[in-house]
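Just below is one structure, and these are the notes that go with it.
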Amino acid sequence: MSVTGTVKSYNPHKGWGFVECNGQDLFVNRKELKGFCISKGNQIQFTVAQTEKGSQAMNVTVMVPTGEASYFGEIKSFNSTKGYGFIACDAFPGQDVFVLRTELPGGYGPQGGYCKFKVSMEEKGPSAKDLMLLGAAGNQAQQMKQMMGS
């Protein structure tokens with residue numbers, strides 16, 4: 001049975017958080033989000049599973065207005081000479097998300113780096129905007145920015 005809850009907290013760097021449903025906090029893991037990235041206050045629909053660690057939200061559907069959704073992905077490739085790359089994201093099966101250097105902090109996109117972003121649908125497919133590098137990728141970008149003196 002599917003229930004609805006409100007995201008209480010979520011850390012995109014760690015990939016987990018909590019959702020409040022009927023006065024109870026349930027754990028939610030990134031792998032259940034199907035490529036979406038959630039924020040405090042988002043409404044989600046899910047099924048509840050009991051695990052050895054407690055109740056967990058599974059089979060999550062994020063309920064956000066079109067154009068306001070945030071996604072989670074991995075930088076698949078980035079060509080610094082040409083100034084663009086591609087992101088793999090579970091929310092867009094069978095197609096990569098295009099990303100321009102101008103959307104990357106410091107203009108750097110480390111291959112294999114994780115990121116959070118929004119999408120605009122363009123003629124050739126999804127294009128990343130408002131991108132934030134997560135974890136080690138974010139640290140790498142900050143170091144590159146400092147080395148370049150920006």
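Quick note on naming: the chains in the structure tokens go A, B, ... in the order shown, residues restart at 1 in each chain, and ligands are numbered from 1 in order of appearance.
The shell of residues at most 9 Å from Met132 (chain A), with only C-alpha atoms counted and near chain neighbours (fewer than 4 positions) removed, consists of A:Glu103, A:Leu104, A:Pro105, A:Tyr114, A:Cys115, A:Lys116, A:Phe117, A:Gly138.
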For the residues selected in the previous step, produce a file with C-alpha atoms as an mmCIF file, in the first residue's frame.
data_model
loop_
_atom_site.group_PDB
_atom_site.id
_atom_site.type_symbol
_atom_site.label_atom_id
_atom_site.label_comp_id
_atom_site.auth_asym_id
_atom_site.auth_seq_id
_atom_site.Cartn_x
_atom_site.Cartn_y
_atom_site.Cartn_z
ATOM 1 C CA GLU A 103 26.824 24.990 -15.280
ATOM 2 C CA LEU A 104 29.745 23.390 -13.413
ATOM 3 C CA PRO A 105 31.295 25.058 -10.344
ATOM 4 C CA TYR A 114 28.322 12.750 -8.272
ATOM 5 C CA CYS A 115 26.118 15.775 -8.697
ATOM 6 C CA LYS A 116 22.705 17.265 -7.961
ATOM 7 C CA PHE A 117 21.056 19.308 -10.711
ATOM 8 C CA GLY A 138 32.865 18.986 -5.017
#
Among the residues of chain A, find those DSSP assigns to strand (DSSP E or B) from the backbone and print them as JSON, numbers by chain. {"A": [2, 3, 4, 5, 6, 7, 8, 9, 10, 11, 16, 17, 18, 19, 20, 21, 24, 25, 26, 27, 28, 29, 36, 37, 43, 44, 45, 46, 47, 48, 49, 50, 51, 54, 55, 56, 57, 58, 59, 60, 61, 62, 63, 70, 71, 72, 73, 74, 75, 76, 77, 78, 79, 84, 85, 86, 87, 88, 97, 98, 99, 100, 114, 115, 116, 117, 118, 119, 120, 121, 122, 125, 126, 127, 128, 129, 130, 131, 132, 133]}
Pick from A:Phe86, A:Tyr108, A:Phe46, A:Phe92 nearest to Asn29 (chain A), counting only C-alpha atoms: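 Of A:Phe86, A:Tyr108, A:Phe46, A:Phe92, the one nearest Asn29 (chain A) is A:Phe46, counting only C-alpha atoms.
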Applying 7 Å and only C-alpha atoms, which residues near Pro110 (chain A) remain after dropping the ones on its own chain fewer than 2 positions away? List them as a list of chain:residue names.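 After dropping sequence-adjacent residues, the list is A:Ile75, A:Tyr108, A:Gly112, A:Gly113, A:Ala137.
All residues of protein, DNA or RNA that reach within 9 Å of Asp90 (chain A), judged by only C-alpha atoms and not counting those fewer than 5 positions away in the chain, are Leu33, Lys34, Gly35, Phe36, Tyr71, Phe72 and Gly73 of chain A.
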So, with only C-alpha atoms as the atoms that count, which of A:Gly85, A:Val28, A:Asn79, A:Asp96 lies closest to Asn11 (chain A)?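 So, comparing all the options, the nearest one is A:Val28.
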Kindly indicate which residue among A:Lys8, A:Lys118, A:Lys31, A:Lys76 lies nearest to Ile44 (chain A), using only C-alpha atoms for the distances.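 Of A:Lys8, A:Lys118, A:Lys31, A:Lys76, the one nearest Ile44 (chain A) is A:Lys8, counting only C-alpha atoms.
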In Å to one decimal, how far is CA of Arg30 (chain A) from CA of Gly17 (chain A)?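 Going from CA of Gly17 (chain A) over to CA of Arg30 (chain A) covers 8.5 Å.
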